[in-house]
Amino acid sequence: MTILTRLAPLALMLAASPALAEMPEGISHFTLDNGLEAVVIEDHRAPVVVQMLWYRIGSADEQPGKSGIAHYLEHLMFKGTDKLGPGELSRTVTANGGMDNAFTSYDFTTYFQRIASDRLPLIMEMEADRMANLKIGEDDWQAERQVVLEERSQRTDSDPGAQFAEERSAVQFYNHPYGRPVIGWRQEMEGLTREDAIAWYDAHYAPNAAVLVIAGDVTAEQVRELAEEYYGLIPPKPDAARKPRPQEPIQRSPRRIERVDARVAQPVMIRSVIAPERNRGEQQQAAALTVLANLLAGSSQTSVLARDLVLTGKALYVNASYDGFAVDPTTFAISMVPAPGVSNAEAEAALDAALAKFLADGPDPAQLERVKTRIRAGRVYAQDSAHGRAYDYGQGLATGLTVEDVNDWPDILAAVTPEDIRAAAKLVLESRASVTGWLLPPPEAPVEARADSAPEPVSADTANPGEAE
């Protein structure tokens with residue numbers, strides 16, 4: 001378990017709001033009497049099934065001073081029940097030719113298995129068992145706390161990019177818990193106890209705080225029958241729902257952060273601003289931000305920033321990222337690695353000039369359609385993965401969207417107009433409340449040595465400590 005850390009339509013169609021899409025073929029949705037929400041994605045191409053159980057609770061819901069408890073409990077969930085010994089669930093899945101894992105994010109904690117479809121009753125029974133009957137032994141909690149501390153040592157404390165990402169997030173959010181790392185701050189992780197873990201489990205692990213997604217060689221009727229049998233008897237917990245979180249005040253001032261580390265091979269700049277998330281029934285702005293990120297840096301050859309910075313020799317690498325799957329406002333980020341011989345100040349000025357030009361000119365209509373076509377193609381290809389489709393529905397429902405919102409998303413993306421892009425660009429590119437961070441090698445480091453040991457560039461995507469396994 002490791003750190004993981006958002007063709008041109010007619011003018012009339014562009015101006016109109018997209019109609020709600022019908023439920024796609026093979027997709028079913030139901031809710032059990034105890035509040036467990038379930039989605040079934042039928043895919044009969046192979047005799048395989050994926051079970052994903054998403055709890056609508058994550059690190060952003062932790063009590064101040066207890067950072068890391070959501071991820072810590074995720075680890076302890078593998079310690080067994082009265083029926084299953086420590087590690088027995090994973091061993092059973094492996095012995096039956098499957099695989100399993102789990103991950104924690106700001107807004108959810110997820111457990112999943114992939115296995116032959118005739119073993120679905122087996123994995124459903126085991127997952128339901130640990131939803132209701134987790135057993136944390138006196139010897140388990142301290143050993144597992146040391147495991148998560150070692151995970152932090154390996155994935156964060158020994159990685160300057162990960163440390164830099166934590167620091168930027170802490171600067172980005174004045175008040176919202178998205179400013180804390182998912183894995184937790186070390187000094188608070190060291191104080192987590194068995195009682196803390198049990199209290200978190202007792203408060204938040206319940207069917208009415210969860211989403212079950214089953215994808216693969218199954219039918220809706222089969223899944224509903226099994227879900228009723230294994231999950232349906234677990235009583236709901238009236239107070240299990242997510243509580244209101246501290247919210248971010250309006251930000252008005254730009255901030256800059258700089259970190260120098262001998263392990264860094266080349267300068268990296270990341271600039272981020274707070275941006276709206278995808279919301280139930282209101283995804284148009286998030287769709288425009290998604291398309292904007294692709295327009296700016298979705299292609300290494302033809303995107304706006306690649307054309308203006310990479311092909312002109314100002315930068316080696318550019319990236320833009322936005323992920324609207326969040327309960328509260330998220331971030332829009334742009335990153336860049338200056339080209340050799342280009343100073344950091346010169347590279348940043350060139351980036352500012354390219355963004356100002358885009359704001360003035362707006363999107364090129366032909367390029368906008370190419371980007372939208374590429375996004376549609378990517379979503380078509382994603383349909384080949386039962387796991388990927390399950391992830392989309394699970395993440396959507398876990399962050400407050402509906403099944404209909406997930407279904408409608410491709411149509412909403414297709415309906416994004418140049419005017420939508422201009423508005424989105426103005427929102428995030430003209431914001432004064434940005435955080436600009438530079439991760440730098442020591443100034444005395446020889447250029448040749450840095451080039452020989454250069455790692456992969458830190459991007460605005462991978463630098464975000466948004467998930468932990």
# chains A, B, ... in the order shown; residues from 1 in each chain; ligands from 1
call {"tool": "residues_around", "arguments": {"residues": "Thr402 of chain A", "least_positions_apart": "4", "cutoff": "9 Å", "atoms": "only C-alpha atoms", "output": "compact mmCIF listing (two decimals) with all heavy atoms, in the first residue's frame"}}
result
# COMPACT_ATOMS: atom_id res chain seq x y z
N ARG A 280 -23.24 18.66 -8.64
CA ARG A 280 -24.45 17.96 -9.05
C ARG A 280 -25.34 18.89 -9.88
O ARG A 280 -25.76 19.95 -9.43
CB ARG A 280 -25.20 17.49 -7.81
CG ARG A 280 -26.50 16.78 -8.09
CD ARG A 280 -27.15 16.30 -6.80
NE ARG A 280 -26.31 15.34 -6.09
CZ ARG A 280 -26.78 14.38 -5.29
NH1 ARG A 280 -28.07 14.24 -5.13
NH2 ARG A 280 -25.96 13.56 -4.67
N GLY A 281 -25.58 18.48 -11.12
CA GLY A 281 -26.45 19.25 -12.00
C GLY A 281 -25.85 20.52 -12.56
O GLY A 281 -26.49 21.22 -13.34
N TYR A 393 -17.74 6.10 -12.13
CA TYR A 393 -19.00 6.16 -11.38
C TYR A 393 -18.73 6.23 -9.88
O TYR A 393 -19.39 7.00 -9.16
CB TYR A 393 -19.87 4.95 -11.71
CG TYR A 393 -20.59 5.08 -13.03
CD1 TYR A 393 -20.07 4.50 -14.18
CD2 TYR A 393 -21.78 5.79 -13.13
CE1 TYR A 393 -20.72 4.62 -15.40
CE2 TYR A 393 -22.44 5.92 -14.34
CZ TYR A 393 -21.91 5.33 -15.47
OH TYR A 393 -22.55 5.45 -16.68
N GLY A 396 -17.40 9.68 -8.96
CA GLY A 396 -18.45 10.68 -9.10
C GLY A 396 -19.44 10.64 -7.96
O GLY A 396 -19.72 11.66 -7.32
N LEU A 397 -19.97 9.45 -7.66
CA LEU A 397 -20.94 9.35 -6.59
C LEU A 397 -20.33 9.62 -5.22
O LEU A 397 -21.00 10.13 -4.33
CB LEU A 397 -21.62 7.97 -6.62
CG LEU A 397 -22.87 7.86 -7.50
CD1 LEU A 397 -22.55 8.12 -8.96
CD2 LEU A 397 -23.54 6.50 -7.33
N VAL A 406 -22.68 11.68 -14.17
CA VAL A 406 -21.60 10.92 -14.81
C VAL A 406 -21.99 10.58 -16.24
O VAL A 406 -21.18 10.69 -17.17
CB VAL A 406 -21.27 9.65 -14.00
CG1 VAL A 406 -20.17 8.85 -14.69
CG2 VAL A 406 -20.84 10.02 -12.57
N ASN A 407 -23.23 10.17 -16.45
CA ASN A 407 -23.70 9.85 -17.80
C ASN A 407 -23.65 11.07 -18.72
O ASN A 407 -23.32 10.96 -19.90
CB ASN A 407 -25.13 9.32 -17.75
CG ASN A 407 -25.25 7.98 -17.05
OD1 ASN A 407 -24.27 7.25 -16.91
ND2 ASN A 407 -26.45 7.66 -16.60
call {"tool": "select_by_dssp", "arguments": {"residues": "segment 162-323 of chain A", "states": "helix (DSSP H, G or I)", "output": "ChimeraX atom specification"}}
result
/A:162-172,177-179,186-189,194-204,207-209,220-230,284-297,304-310
call {"tool": "atom_distance", "arguments": {"atom1": "atom CA of Phe103 of chain A", "atom2": "atom CA of Leu413 of chain A"}}
result
27.9 Å
call {"tool": "atom_distance", "arguments": {"atom1": "atom CA of Tyr205 of chain A", "atom2": "atom CA of Arg56 of chain A"}}
result
8.9 Å
call {"tool": "closest_atom_pairs", "arguments": {"of": "segment 152-210 of chain A", "to": "segment 428-436 of chain A", "cutoff": "10 Å", "atoms": "only C-alpha atoms", "output": "JSON lines"}}
result
{"residue": "A:Arg168", "atom": "CA", "partner": "A:Val435", "partner_atom": "CA", "distance": 7.4}
{"residue": "A:Ser169", "atom": "CA", "partner": "A:Val435", "partner_atom": "CA", "distance": 9.1}
{"residue": "A:Val171", "atom": "CA", "partner": "A:Val435", "partner_atom": "CA", "distance": 7.4}
{"residue": "A:Gln172", "atom": "CA", "partner": "A:Val435", "partner_atom": "CA", "distance": 6.2}
{"residue": "A:Phe173", "atom": "CA", "partner": "A:Val435", "partner_atom": "CA", "distance": 9.8}
call {"tool": "write_last_selection", "arguments": {"atoms": "N, CA and C atoms", "output": "tab-separated table (two decimals), in the first residue's frame"}}
result
chain	number	residue	atom	x	y	z
A	168	ARG	N	3.36	23.24	-1.10
A	168	ARG	CA	2.52	24.08	-1.95
A	168	ARG	C	1.06	23.98	-1.55
A	169	SER	N	0.60	22.77	-1.25
A	169	SER	CA	-0.79	22.61	-0.83
A	169	SER	C	-1.07	23.36	0.47
A	171	VAL	N	0.35	26.04	1.44
A	171	VAL	CA	0.29	27.46	1.12
A	171	VAL	C	-0.97	27.79	0.32
A	172	GLN	N	-1.40	26.86	-0.52
A	172	GLN	CA	-2.56	27.09	-1.39
A	172	GLN	C	-3.84	27.32	-0.59
A	173	PHE	N	-4.03	26.54	0.48
A	173	PHE	CA	-5.28	26.60	1.24
A	173	PHE	C	-5.03	27.23	2.60
call {"tool": "residues_around", "arguments": {"residues": "Thr302 of chain A", "least_positions_apart": "3", "cutoff": "12 Å", "atoms": "only C-alpha atoms", "output": "list in words"}}
result
Asn294, Leu295, Leu296, Ala297, Gly298, Ser299, Leu305, Ala306, Arg307, Asp308, Leu309, Val310, Leu311, Val318, Asp364, Ala366, Gln367, Leu368, Arg370 and Val371 of chain A
call {"tool": "write_last_selection", "arguments": {"atoms": "N, CA and C atoms", "output": "PDB file, in the first residue's frame"}}
result
ATOM      1  N   ASN A 294      -6.700  20.959 -21.480  1.00  0.00           N
ATOM      2  CA  ASN A 294      -6.258  20.234 -22.674  1.00  0.00           C
ATOM      3  C   ASN A 294      -5.814  21.167 -23.782  1.00  0.00           C
ATOM      4  N   LEU A 295      -6.505  22.288 -23.963  1.00  0.00           N
ATOM      5  CA  LEU A 295      -6.101  23.273 -24.967  1.00  0.00           C
ATOM      6  C   LEU A 295      -4.719  23.832 -24.671  1.00  0.00           C
ATOM      7  N   LEU A 296      -4.481  24.135 -23.395  1.00  0.00           N
ATOM      8  CA  LEU A 296      -3.215  24.762 -23.025  1.00  0.00           C
ATOM      9  C   LEU A 296      -2.040  23.805 -23.134  1.00  0.00           C
ATOM     10  N   ALA A 297      -2.217  22.560 -22.717  1.00  0.00           N
ATOM     11  CA  ALA A 297      -1.045  21.679 -22.659  1.00  0.00           C
ATOM     12  C   ALA A 297      -1.385  20.214 -22.844  1.00  0.00           C
ATOM     13  N   GLY A 298      -2.462  19.900 -23.556  1.00  0.00           N
ATOM     14  CA  GLY A 298      -2.838  18.509 -23.732  1.00  0.00           C
ATOM     15  C   GLY A 298      -2.031  17.763 -24.766  1.00  0.00           C
ATOM     16  N   SER A 299      -1.302  18.485 -25.594  1.00  0.00           N
ATOM     17  CA  SER A 299      -0.468  17.861 -26.623  1.00  0.00           C
ATOM     18  C   SER A 299       0.940  18.434 -26.534  1.00  0.00           C
ATOM     19  N   LEU A 305       0.608  26.035 -25.143  1.00  0.00           N
ATOM     20  CA  LEU A 305       1.875  26.257 -24.449  1.00  0.00           C
ATOM     21  C   LEU A 305       3.016  25.466 -25.079  1.00  0.00           C
ATOM     22  N   ALA A 306       2.729  24.305 -25.637  1.00  0.00           N
ATOM     23  CA  ALA A 306       3.779  23.578 -26.355  1.00  0.00           C
ATOM     24  C   ALA A 306       4.236  24.379 -27.563  1.00  0.00           C
ATOM     25  N   ARG A 307       3.304  24.956 -28.288  1.00  0.00           N
ATOM     26  CA  ARG A 307       3.638  25.747 -29.475  1.00  0.00           C
ATOM     27  C   ARG A 307       4.423  27.002 -29.106  1.00  0.00           C
ATOM     28  N   ASP A 308       3.978  27.695 -28.031  1.00  0.00           N
ATOM     29  CA  ASP A 308       4.592  28.976 -27.699  1.00  0.00           C
ATOM     30  C   ASP A 308       5.849  28.858 -26.850  1.00  0.00           C
ATOM     31  N   LEU A 309       6.022  27.743 -26.149  1.00  0.00           N
ATOM     32  CA  LEU A 309       7.155  27.625 -25.233  1.00  0.00           C
ATOM     33  C   LEU A 309       8.118  26.505 -25.609  1.00  0.00           C
ATOM     34  N   VAL A 310       7.597  25.315 -25.871  1.00  0.00           N
ATOM     35  CA  VAL A 310       8.478  24.178 -26.160  1.00  0.00           C
ATOM     36  C   VAL A 310       9.075  24.291 -27.559  1.00  0.00           C
ATOM     37  N   LEU A 311       8.238  24.531 -28.545  1.00  0.00           N
ATOM     38  CA  LEU A 311       8.734  24.581 -29.921  1.00  0.00           C
ATOM     39  C   LEU A 311       9.592  25.811 -30.190  1.00  0.00           C
ATOM     40  N   VAL A 318       5.828  21.369 -20.633  1.00  0.00           N
ATOM     41  CA  VAL A 318       4.739  22.148 -20.055  1.00  0.00           C
ATOM     42  C   VAL A 318       3.567  21.211 -19.760  1.00  0.00           C
ATOM     43  N   ASP A 364      -8.464  28.933 -30.573  1.00  0.00           N
ATOM     44  CA  ASP A 364      -8.618  28.722 -32.009  1.00  0.00           C
ATOM     45  C   ASP A 364      -9.733  27.692 -32.211  1.00  0.00           C
ATOM     46  N   ALA A 366     -10.582  25.660 -34.607  1.00  0.00           N
ATOM     47  CA  ALA A 366     -10.175  24.352 -35.127  1.00  0.00           C
ATOM     48  C   ALA A 366      -9.449  23.547 -34.058  1.00  0.00           C
ATOM     49  N   GLN A 367      -8.584  24.228 -33.302  1.00  0.00           N
ATOM     50  CA  GLN A 367      -7.870  23.533 -32.235  1.00  0.00           C
ATOM     51  C   GLN A 367      -8.831  23.080 -31.144  1.00  0.00           C
ATOM     52  N   LEU A 368      -9.827  23.894 -30.846  1.00  0.00           N
ATOM     53  CA  LEU A 368     -10.826  23.512 -29.843  1.00  0.00           C
ATOM     54  C   LEU A 368     -11.543  22.240 -30.260  1.00  0.00           C
ATOM     55  N   ARG A 370     -10.398  19.934 -32.276  1.00  0.00           N
ATOM     56  CA  ARG A 370      -9.448  18.810 -32.199  1.00  0.00           C
ATOM     57  C   ARG A 370      -9.320  18.313 -30.767  1.00  0.00           C
ATOM     58  N   VAL A 371      -9.259  19.241 -29.829  1.00  0.00           N
ATOM     59  CA  VAL A 371      -9.145  18.860 -28.422  1.00  0.00           C
ATOM     60  C   VAL A 371     -10.396  18.110 -27.974  1.00  0.00           C
TER      61      VAL A 371
END
